[in-house]
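**Q** What follows is the file upload.csv, containing CSV, C-alpha atoms:
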```csv
chain,number,residue,atom,x,y,z
A,1,MET,CA,112.6,12.0,-57.5
A,2,ALA,CA,115.4,9.6,-56.6
A,3,ARG,CA,116.1,6.2,-58.3
A,4,ILE,CA,116.0,3.3,-55.8
A,5,LEU,CA,116.9,-0.3,-56.2
A,6,SER,CA,116.6,-3.3,-53.9
A,7,GLY,CA,116.3,-7.1,-54.1
A,8,ILE,CA,115.4,-10.2,-52.1
A,9,GLN,CA,116.8,-13.7,-52.5
A,10,PRO,CA,114.4,-16.4,-53.5
A,11,SER,CA,115.8,-18.8,-51.0
A,12,GLY,CA,113.1,-20.0,-48.6
A,13,VAL,CA,109.8,-18.4,-47.5
A,14,LEU,CA,110.0,-14.8,-46.4
A,15,THR,CA,109.3,-13.8,-42.8
A,16,LEU,CA,107.3,-11.0,-41.2
A,17,GLY,CA,110.7,-9.4,-40.7
A,18,ASN,CA,111.3,-9.4,-44.4
A,19,TYR,CA,107.9,-7.9,-45.0
A,20,ILE,CA,108.2,-5.1,-42.4
A,21,GLY,CA,111.9,-4.4,-43.0
A,22,ALA,CA,111.7,-4.5,-46.8
A,23,LEU,CA,108.5,-5.1,-48.7
A,24,LYS,CA,106.2,-2.8,-46.7
A,25,ASN,CA,108.7,-0.1,-47.1
A,26,PHE,CA,109.1,-0.7,-50.8
A,27,VAL,CA,105.4,0.0,-51.4
A,28,LYS,CA,105.8,3.5,-49.8
A,29,LEU,CA,109.0,4.2,-51.7
A,30,GLN,CA,107.4,3.5,-55.1
A,31,ASN,CA,104.9,6.3,-54.6
A,32,GLU,CA,107.7,8.8,-54.1
A,33,HIS,CA,110.6,7.6,-56.2
A,34,GLU,CA,111.6,5.7,-59.4
A,35,CYS,CA,112.0,2.1,-58.1
A,36,LEU,CA,113.6,-1.1,-59.4
A,37,PHE,CA,112.9,-4.3,-57.5
A,38,MET,CA,114.7,-7.6,-58.1
A,39,VAL,CA,114.4,-11.2,-57.4
A,40,VAL,CA,118.1,-11.8,-56.8
A,41,ASP,CA,118.5,-15.4,-57.9
A,42,LEU,CA,122.2,-15.1,-58.8
A,43,HIS,CA,122.9,-14.3,-55.1
A,44,ALA,CA,120.8,-17.3,-54.0
A,45,ILE,CA,123.2,-19.8,-55.7
A,46,THR,CA,126.2,-18.7,-53.6
A,47,VAL,CA,125.0,-21.6,-51.4
A,48,PRO,CA,123.6,-24.9,-52.8
A,49,GLN,CA,120.0,-24.8,-54.0
A,50,ASP,CA,117.6,-27.3,-55.4
A,51,ARG,CA,117.0,-26.2,-58.9
A,52,LEU,CA,113.3,-27.0,-59.0
A,53,ALA,CA,112.7,-25.4,-55.6
A,54,LEU,CA,114.6,-22.3,-56.7
A,55,ARG,CA,112.5,-21.8,-59.9
A,56,LYS,CA,109.4,-22.2,-57.8
A,57,ASN,CA,110.6,-19.7,-55.3
A,58,ILE,CA,111.5,-17.2,-57.9
A,59,LYS,CA,107.9,-17.0,-59.2
A,60,GLU,CA,106.4,-17.1,-55.7
A,61,LEU,CA,108.7,-14.2,-54.5
A,62,ALA,CA,107.8,-12.1,-57.6
A,63,ALA,CA,104.1,-12.7,-56.9
A,64,LEU,CA,104.6,-11.8,-53.3
A,65,TYR,CA,106.1,-8.5,-54.3
A,66,VAL,CA,102.9,-7.7,-56.2
A,67,ALA,CA,100.7,-9.1,-53.5
A,68,CYS,CA,102.3,-6.8,-51.0
A,69,GLY,CA,101.5,-3.8,-53.1
A,70,ILE,CA,104.4,-3.4,-55.6
A,71,ASP,CA,102.7,-1.9,-58.7
A,72,PRO,CA,104.2,-2.9,-62.0
A,73,GLN,CA,102.9,0.3,-63.5
A,74,LYS,CA,105.0,2.3,-61.1
A,75,SER,CA,108.0,0.1,-60.5
A,76,ILE,CA,110.2,-2.2,-62.5
A,77,LEU,CA,110.1,-5.8,-61.2
A,78,PHE,CA,112.5,-8.3,-62.7
A,79,VAL,CA,114.6,-11.4,-62.2
A,80,GLN,CA,118.3,-10.6,-61.8
A,81,SER,CA,119.7,-13.5,-63.9
A,82,GLU,CA,117.5,-12.4,-66.8
A,83,VAL,CA,119.6,-9.3,-67.3
A,84,PRO,CA,123.1,-10.5,-68.2
A,85,ALA,CA,124.8,-7.2,-67.5
A,86,HIS,CA,124.7,-7.9,-63.8
A,87,ALA,CA,127.1,-10.8,-64.1
A,88,GLU,CA,129.2,-8.9,-66.7
A,89,LEU,CA,129.6,-5.9,-64.5
A,90,SER,CA,130.3,-8.0,-61.4
A,91,TRP,CA,133.3,-9.6,-63.2
A,92,ILE,CA,134.7,-6.2,-64.2
A,93,LEU,CA,134.3,-4.9,-60.7
A,94,THR,CA,135.8,-8.1,-59.2
A,95,CYS,CA,138.9,-7.3,-61.2
A,96,ASN,CA,139.0,-3.9,-59.5
A,97,ALA,CA,138.4,-5.2,-56.0
A,98,SER,CA,141.0,-6.6,-53.6
A,99,MET,CA,141.1,-9.9,-51.7
A,100,GLY,CA,141.7,-8.0,-48.5
A,101,GLU,CA,138.6,-5.9,-48.6
A,102,LEU,CA,136.4,-8.9,-49.5
A,103,SER,CA,137.9,-11.0,-46.7
A,104,ARG,CA,136.8,-8.3,-44.2
A,105,MET,CA,133.1,-8.6,-45.0
A,106,THR,CA,131.5,-9.8,-41.8
A,107,GLN,CA,128.6,-11.5,-43.7
A,108,PHE,CA,131.1,-13.8,-45.5
A,109,LYS,CA,132.6,-14.8,-42.2
A,110,ASP,CA,129.1,-15.6,-40.7
A,111,LYS,CA,127.8,-17.4,-43.8
A,112,SER,CA,131.0,-19.4,-44.4
A,113,ALA,CA,131.0,-20.5,-40.7
A,114,LYS,CA,127.4,-21.7,-41.1
A,115,GLN,CA,128.3,-23.6,-44.3
A,116,GLU,CA,131.2,-25.3,-42.5
A,117,SER,CA,129.0,-26.2,-39.5
A,118,VAL,CA,126.8,-28.3,-41.8
A,119,GLY,CA,129.6,-29.8,-43.8
A,120,GLY,CA,129.0,-27.7,-46.9
A,121,HIS,CA,131.7,-26.2,-49.1
A,122,ILE,CA,132.4,-22.5,-49.2
A,123,SER,CA,132.1,-21.2,-52.8
A,124,ALA,CA,134.1,-18.5,-54.3
A,125,GLY,CA,130.7,-16.9,-55.2
A,126,LEU,CA,130.0,-16.6,-51.4
A,127,PHE,CA,133.3,-14.8,-51.0
A,128,SER,CA,132.7,-12.4,-53.9
A,129,TYR,CA,129.0,-11.8,-53.8
A,130,PRO,CA,129.3,-8.3,-52.3
A,131,VAL,CA,130.8,-7.3,-55.6
A,132,LEU,CA,127.8,-8.7,-57.4
A,133,MET,CA,125.6,-6.6,-55.1
A,134,ALA,CA,127.7,-3.6,-56.0
A,135,ALA,CA,127.1,-4.3,-59.7
A,136,ASP,CA,123.4,-4.6,-59.1
A,137,VAL,CA,123.3,-1.1,-57.7
A,138,ILE,CA,125.6,0.9,-59.8
A,139,LEU,CA,124.5,-0.7,-63.1
A,140,TYR,CA,121.4,1.5,-62.8
A,141,ASP,CA,122.8,4.8,-61.5
A,142,VAL,CA,120.9,4.3,-58.3
A,143,ASP,CA,120.6,7.3,-55.9
A,144,MET,CA,119.6,5.3,-52.8
A,145,VAL,CA,119.5,1.7,-51.6
A,146,PRO,CA,117.2,0.6,-48.8
A,147,VAL,CA,119.1,-1.9,-46.7
A,148,GLY,CA,119.1,-3.4,-43.2
A,149,ASP,CA,121.9,-2.7,-40.8
A,150,ASP,CA,123.6,-5.9,-41.7
A,151,GLN,CA,124.1,-4.7,-45.3
A,152,LYS,CA,125.7,-1.4,-44.5
A,153,GLN,CA,129.3,-2.8,-44.9
A,154,HIS,CA,128.4,-4.1,-48.4
A,155,MET,CA,127.1,-0.7,-49.3
A,156,GLU,CA,130.4,0.9,-48.2
A,157,LEU,CA,132.2,-1.5,-50.5
A,158,THR,CA,129.7,-0.5,-53.3
A,159,ARG,CA,130.6,3.1,-52.9
A,160,ASP,CA,134.3,2.4,-52.7
A,161,LEU,CA,134.2,0.3,-56.0
A,162,ALA,CA,132.2,3.0,-57.8
A,163,GLU,CA,134.6,5.7,-56.7
A,164,ARG,CA,137.6,3.6,-57.6
A,165,PHE,CA,136.3,2.9,-61.1
A,166,ASN,CA,135.5,6.5,-61.6
A,167,ALA,CA,139.0,7.6,-60.5
A,168,ARG,CA,140.7,5.1,-62.8
A,169,PHE,CA,138.5,5.2,-65.9
A,170,GLY,CA,136.7,8.5,-65.7
A,171,GLU,CA,133.3,9.5,-64.4
A,172,THR,CA,131.0,6.5,-65.0
A,173,PHE,CA,129.0,5.5,-62.0
A,174,LYS,CA,126.8,7.4,-59.6
A,175,VAL,CA,127.9,6.8,-56.0
A,176,PRO,CA,124.7,5.6,-54.1
A,177,GLU,CA,123.6,6.6,-50.6
A,178,VAL,CA,122.3,4.1,-48.0
A,179,TYR,CA,118.7,4.4,-46.9
A,180,ILE,CA,117.7,2.7,-43.6
A,181,PRO,CA,114.2,3.2,-42.3
A,182,GLU,CA,114.1,4.6,-38.7
A,183,GLN,CA,111.6,2.1,-37.5
A,184,GLY,CA,111.1,-1.5,-38.4
A,185,ALA,CA,114.3,-2.1,-40.4
A,186,ARG,CA,115.4,-4.8,-38.0
A,187,ILE,CA,112.7,-7.1,-36.6
A,188,MET,CA,114.0,-9.5,-34.1
A,189,SER,CA,113.5,-13.2,-33.3
A,190,LEU,CA,110.4,-14.0,-31.2
A,191,GLN,CA,112.2,-16.4,-28.9
A,192,GLU,CA,115.7,-14.8,-29.1
A,193,PRO,CA,115.1,-11.1,-29.4
A,194,GLU,CA,118.8,-10.3,-29.3
A,195,LYS,CA,119.1,-11.6,-32.9
A,196,LYS,CA,117.4,-10.7,-36.1
A,197,MET,CA,114.4,-12.6,-37.4
A,198,SER,CA,115.8,-14.7,-40.2
A,199,LYS,CA,114.1,-17.0,-42.8
A,200,SER,CA,117.1,-19.4,-42.4
A,201,ASP,CA,116.4,-19.9,-38.6
A,202,ASP,CA,116.1,-23.6,-37.7
A,203,ASN,CA,113.7,-22.8,-34.9
A,204,SER,CA,110.2,-22.2,-36.4
A,205,LYS,CA,109.0,-20.5,-33.2
A,206,ASN,CA,111.5,-17.7,-33.7
A,207,ILE,CA,109.9,-16.5,-36.9
A,208,ILE,CA,106.5,-15.7,-38.5
A,209,LEU,CA,106.5,-16.8,-42.1
A,210,LEU,CA,104.3,-15.0,-44.6
A,211,THR,CA,102.8,-18.4,-45.5
A,212,ASP,CA,101.9,-19.3,-41.8
A,213,PRO,CA,98.2,-20.0,-41.3
A,214,PRO,CA,96.4,-17.5,-39.0
A,215,ASN,CA,96.3,-19.9,-36.0
A,216,THR,CA,100.0,-20.6,-36.3
A,217,ILE,CA,100.7,-16.8,-36.3
A,218,ARG,CA,98.5,-16.4,-33.1
A,219,LYS,CA,100.3,-19.3,-31.4
A,220,LYS,CA,103.8,-17.9,-32.2
A,221,ILE,CA,103.0,-14.4,-31.0
A,222,LYS,CA,101.4,-15.6,-27.8
A,223,SER,CA,104.4,-17.7,-27.0
A,224,ALA,CA,106.9,-14.9,-27.9
A,225,ILE,CA,109.5,-14.1,-25.2
A,226,THR,CA,109.0,-11.0,-23.2
A,227,ASP,CA,110.3,-10.6,-19.6
A,228,SER,CA,109.3,-10.8,-15.9
A,229,GLU,CA,108.0,-7.2,-15.8
A,230,THR,CA,104.3,-6.5,-15.6
A,231,THR,CA,104.0,-3.3,-17.7
A,232,ILE,CA,104.1,-2.7,-21.4
A,233,ALA,CA,107.1,-0.4,-22.0
A,234,TYR,CA,109.5,0.3,-24.8
A,235,ASP,CA,113.1,-0.2,-23.8
A,236,PRO,CA,115.1,-1.9,-26.6
A,237,VAL,CA,118.2,-2.2,-24.5
A,238,ASN,CA,116.9,-3.7,-21.3
A,239,ARG,CA,113.5,-5.2,-22.5
A,240,LYS,CA,114.2,-6.5,-26.0
A,241,GLY,CA,111.3,-8.9,-26.2
A,242,ILE,CA,108.4,-6.5,-25.6
A,243,SER,CA,110.2,-3.7,-27.5
A,244,ASN,CA,110.4,-5.9,-30.5
A,245,LEU,CA,106.6,-6.7,-30.3
A,246,LEU,CA,105.9,-3.0,-30.0
A,247,GLU,CA,108.0,-2.3,-33.1
A,248,ILE,CA,106.0,-4.9,-35.0
A,249,TYR,CA,102.6,-3.5,-33.8
A,250,ALA,CA,103.7,0.1,-34.6
A,251,VAL,CA,105.0,-0.5,-38.1
A,252,ILE,CA,101.9,-2.5,-39.2
A,253,THR,CA,99.3,-0.1,-37.8
A,254,GLY,CA,101.1,3.2,-38.1
A,255,GLU,CA,100.5,4.0,-34.5
A,256,PRO,CA,103.4,5.6,-32.6
A,257,ILE,CA,105.0,3.4,-30.0
A,258,ASP,CA,104.4,6.0,-27.3
A,259,ALA,CA,100.7,5.8,-28.1
A,260,LEU,CA,100.7,2.1,-27.9
A,261,VAL,CA,102.4,2.1,-24.5
A,262,THR,CA,99.7,4.5,-23.3
A,263,LYS,CA,96.9,2.4,-24.9
A,264,TYR,CA,98.1,-0.7,-22.9
A,265,GLU,CA,98.8,1.0,-19.6
A,266,GLY,CA,97.4,-1.1,-16.9
A,267,LYS,CA,97.0,-4.1,-19.1
A,268,GLY,CA,99.1,-7.3,-19.2
A,269,TYR,CA,101.1,-9.1,-21.8
A,270,GLY,CA,98.2,-11.4,-22.6
A,271,ASP,CA,95.9,-8.7,-23.8
A,272,PHE,CA,98.7,-7.0,-25.8
A,273,LYS,CA,99.8,-10.2,-27.5
A,274,SER,CA,96.3,-11.2,-28.3
A,275,ASP,CA,95.6,-7.9,-30.0
A,276,LEU,CA,99.0,-7.9,-31.8
A,277,ALA,CA,98.3,-11.4,-33.2
A,278,GLU,CA,95.0,-10.2,-34.7
A,279,VAL,CA,96.8,-7.2,-36.2
A,280,VAL,CA,99.4,-9.4,-37.8
A,281,VAL,CA,96.8,-11.9,-39.1
A,282,ALA,CA,94.8,-9.1,-40.6
A,283,GLU,CA,97.9,-7.8,-42.4
A,284,ILE,CA,99.2,-11.1,-43.7
A,285,GLU,CA,96.1,-13.1,-44.7
A,286,PRO,CA,95.0,-10.8,-47.6
A,287,ILE,CA,98.6,-11.0,-48.9
A,288,GLN,CA,98.5,-14.8,-48.9
A,289,GLN,CA,95.2,-14.8,-50.8
A,290,ARG,CA,96.4,-12.2,-53.4
A,291,GLN,CA,99.7,-14.1,-54.0
A,292,GLN,CA,97.8,-17.3,-54.8
A,293,GLU,CA,95.5,-15.4,-57.2
A,294,ILE,CA,98.5,-13.9,-59.0
A,295,LEU,CA,100.2,-17.3,-59.4
A,296,ALA,CA,97.0,-19.0,-60.6
A,297,SER,CA,96.3,-16.3,-63.2
A,298,GLY,CA,99.7,-16.5,-64.8
A,299,GLU,CA,100.0,-12.7,-64.9
A,300,ILE,CA,103.3,-12.8,-63.0
A,301,ASP,CA,105.1,-14.0,-66.2
A,302,ASP,CA,103.8,-10.9,-68.2
A,303,ILE,CA,104.9,-8.6,-65.3
A,304,LEU,CA,108.4,-10.2,-65.2
A,305,ASP,CA,108.8,-10.1,-69.0
A,306,ALA,CA,108.0,-6.3,-69.0
A,307,GLY,CA,110.3,-5.7,-66.1
A,308,ARG,CA,113.1,-7.6,-67.7
A,309,ASP,CA,112.8,-5.6,-70.9
A,310,ALA,CA,112.8,-2.3,-69.1
A,311,ALA,CA,115.8,-3.2,-66.9
A,312,MET,CA,117.6,-4.5,-70.0
A,313,LYS,CA,117.4,-1.2,-71.8
A,314,MET,CA,119.0,0.6,-68.9
A,315,ALA,CA,121.6,-2.0,-68.2
A,316,VAL,CA,122.8,-2.4,-71.8
A,317,ARG,CA,123.5,1.3,-72.1
A,318,LYS,CA,125.6,1.3,-68.9
A,319,ILE,CA,127.5,-2.0,-69.5
A,320,SER,CA,128.4,-0.9,-73.1
A,321,LYS,CA,129.9,2.3,-71.7
A,322,VAL,CA,131.8,0.4,-69.0
A,323,LYS,CA,133.3,-2.1,-71.6
A,324,HIS,CA,134.4,0.8,-73.8
A,325,LYS,CA,136.2,2.5,-70.9
A,326,VAL,CA,137.9,-0.7,-69.8
A,327,GLY,CA,138.9,-1.6,-73.3
A,328,LEU,CA,136.9,-4.8,-73.8
A,329,GLY,CA,135.9,-6.1,-77.1
A,330,ARG,CA,136.7,-4.8,-80.6
A,331,LYS,CA,136.5,-1.4,-82.0
A,332,ARG,CA,135.8,-1.1,-85.7
```
Any chance you could give the structure as structure tokens?

**A**
Amino acid sequence: MARILSGIQPSGVLTLGNYIGALKNFVKLQNEHECLFMVVDLHAITVPQDRLALRKNIKELAALYVACGIDPQKSILFVQSEVPAHAELSWILTCNASMGELSRMTQFKDKSAKQESVGGHISAGLFSYPVLMAADVILYDVDMVPVGDDQKQHMELTRDLAERFNARFGETFKVPEVYIPEQGARIMSLQEPEKKMSKSDDNSKNIILLTDPPNTIRKKIKSAITDSETTIAYDPVNRKGISNLLEIYAVITGEPIDALVTKYEGKGYGDFKSDLAEVVVAEIEPIQQRQQEILASGEIDDILDAGRDAAMKMAVRKISKVKHKVGLGRKR
């Protein structure tokens, strides 16, 4: 049994892409491995946040984890900032990272360009947040980290920092592997299928939010871009739109894409989109209802308290060992 860790930022409402690429996969992983799942609020503040909205989002995201099937009896669910060792280890690793390797991170280039385009400042935290991500992972001696394609570069940095620390101070950290699901790891925009579905997208037609009402979901799927062809076929290079919709259908239902193509042979996009819309609504609607029940009951605080305490026990042991090896603090 491997130990797995992953986290999602509480910045904005999650999309169907987040659900398929992350949350749905997390539920499967917890039945096979030891899992830790975080609400990564420290990462969220690398760009400006409204404090009241952030606190609301933290609880709502935690409740969404549970509503999607994360079982607090099987997995540890906690809020990142409630375990101080994340920030402590991040600083220590920052002192072992170079400006050059951080400046090569493509996500920093993309996010800083977006901040500049809206007249915002580029924080030092945005520059160094891949180091915090590395600290999140190696703090718990994680074996594997499920990530999307866009996070592979950060995981390479994580491995480099762990190996560098081990070489300098002695064996301390486990060097984690990357886990990327073969299907559904990268759900694309509905209107611009050449780019990833993102909760920060300004065009609401590009994304399906996990809070969207059923009729809104139906409308967005029916207006999704396909192509001028007349057949349902899977060709992610030349027919990105319909291939993206087939991916969504396959991941939610568990039906192989080949079987779906055969199922809709001789049928048009209208029939396919109508059926897909109902599949998505049937998946999301119960999650929405369960999330509201969890928030109304107040049980999410008990779950997060227990998760914090469990994560803290693991983190304190590791950060104490790291401080000793680096030479921090006093020795009596």

**Q** Rank nothing, just name the residue among A:Met188, A:Leu23, A:Ala250, A:Ile70 nearest to Asp201 (chain A), using only C-alpha atoms.

**A**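 Under the stated criterion, the closest residue is A:Met188.
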
**Q** Which residues are near Ile58 (chain A)? Cut-off 10 Å, all atoms listed in the file, ignore same chain within fewer than 4 positions. Put them as a list in words.

**A**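 Using all atoms listed in the file, the neighbours found are Ile8, Gln9, Pro10, Ser11, Gly12, Val39, Val40, Asp41, Ala53, Leu54, Ala62, Ala63, Leu64 and Val79 of chain A.
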
**Q** Take the residues from that selection and write them out as a PDB file, in the frame of the given file, keeping C-alpha atoms.

**A**
```pdb
ATOM      1  CA  ILE A   8     115.400 -10.200 -52.100  1.00  0.00           C
ATOM      2  CA  GLN A   9     116.800 -13.700 -52.500  1.00  0.00           C
ATOM      3  CA  PRO A  10     114.400 -16.400 -53.500  1.00  0.00           C
ATOM      4  CA  SER A  11     115.800 -18.800 -51.000  1.00  0.00           C
ATOM      5  CA  GLY A  12     113.100 -20.000 -48.600  1.00  0.00           C
ATOM      6  CA  VAL A  39     114.400 -11.200 -57.400  1.00  0.00           C
ATOM      7  CA  VAL A  40     118.100 -11.800 -56.800  1.00  0.00           C
ATOM      8  CA  ASP A  41     118.500 -15.400 -57.900  1.00  0.00           C
ATOM      9  CA  ALA A  53     112.700 -25.400 -55.600  1.00  0.00           C
ATOM     10  CA  LEU A  54     114.600 -22.300 -56.700  1.00  0.00           C
ATOM     11  CA  ALA A  62     107.800 -12.100 -57.600  1.00  0.00           C
ATOM     12  CA  ALA A  63     104.100 -12.700 -56.900  1.00  0.00           C
ATOM     13  CA  LEU A  64     104.600 -11.800 -53.300  1.00  0.00           C
ATOM     14  CA  VAL A  79     114.600 -11.400 -62.200  1.00  0.00           C
TER      15      VAL A  79
END
```

**Q** Using CA of Ile300 (chain A) and CA of Ile4 (chain A) as the two end points, give the distance in Å to one decimal.

**A** 21.7 Å

**Q** Considering all atoms listed in the file, state which residue in the set A:Leu161, A:Ile242, A:Val147, A:Leu102 is at the smallest distance from Asp227 (chain A).

**A**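 Closest to Asp227 (chain A), using all atoms listed in the file: A:Ile242.
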
**Q** Measuring atom to atom with all atoms listed in the file, identify which of A:Glu34, A:Glu192, A:Asp136, A:Glu101 is nearest to Thr226 (chain A).

**A**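 Smallest distance to Thr226 (chain A) is found for A:Glu192.
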
**Q** Quick one: of A:Pro193, A:Gly69, A:Pro130, A:Pro84, who's nearest to Ser98 (chain A), counting only C-alpha atoms?

**A**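 For Ser98 (chain A), the nearest of the candidates is A:Pro130.
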
**Q** Between CA of Gly21 (chain A) and CA of Glu247 (chain A), what is the distance in Å, rounded to a tenth?

**A** 10.8 Å

**Q** To one decimal place in Å, what is the distance between CA of Tyr140 (chain A) and CA of Phe127 (chain A)?

**A**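 Separation between CA of Tyr140 (chain A) and CA of Phe127 (chain A): 23.4 Å.
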
**Q** Mind listing whatever residues come within 12 Å of the point (104.1, 2.8, -53.4)? Use all atoms listed in the file, file coordinates, and give them as a ChimeraX atom specification.

**A** /A:23-36,65-66,68-75

**Q** I need every residue sitting at most 12 Å from the point (96.1, -10.4, -38.4) (coordinates as in the file, all atoms listed in the file considered), written as a VMD selection string.

**A** chain A and resid 16 208 210 212 to 218 221 248 to 249 252 to 253 273 to 288

**Q** Select, from A:Ser297, A:Ser204, A:Thr231, A:Asn166, the residue with the minimum atom-to-atom distance to Lys325 (chain A), counting all atoms listed in the file.

**A**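 Between A:Ser297, A:Ser204, A:Thr231, A:Asn166, the residue approaching Lys325 (chain A) most closely is A:Asn166.
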
**Q** Met314 (chain A): which residues within 12 Å, counting all atoms listed in the file, same-chain residues fewer than 5 positions away excluded, as number ranges by chain?

**A** A: 36, 76, 83-86, 136, 138-142, 307-309, 319-321

**Q** List as a list in words the protein and nucleic acid residues near region 168-179 of chain A, meaning an atom at most 6 Å away when all atoms listed in the file are counted, but skip any in the same chain fewer than 2 places from it.

**A**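 Selected residues are Asp141, Val142, Asp143, Met144, Val145, Pro146, Arg159, Ala162, Phe165 and Asn166 of chain A.
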
**Q** Which one of A:Val13, A:Ala135, A:Val251, A:Ile187 sits closest to Lys56 (chain A) if you count only C-alpha atoms?

**A** A:Val13

**Q** What lies within 9 Å of Ala310 (chain A) using only C-alpha atoms, ignoring chain neighbours under 5 positions off, as a ChimeraX atom specification?

**A** /A:76,78,305,315
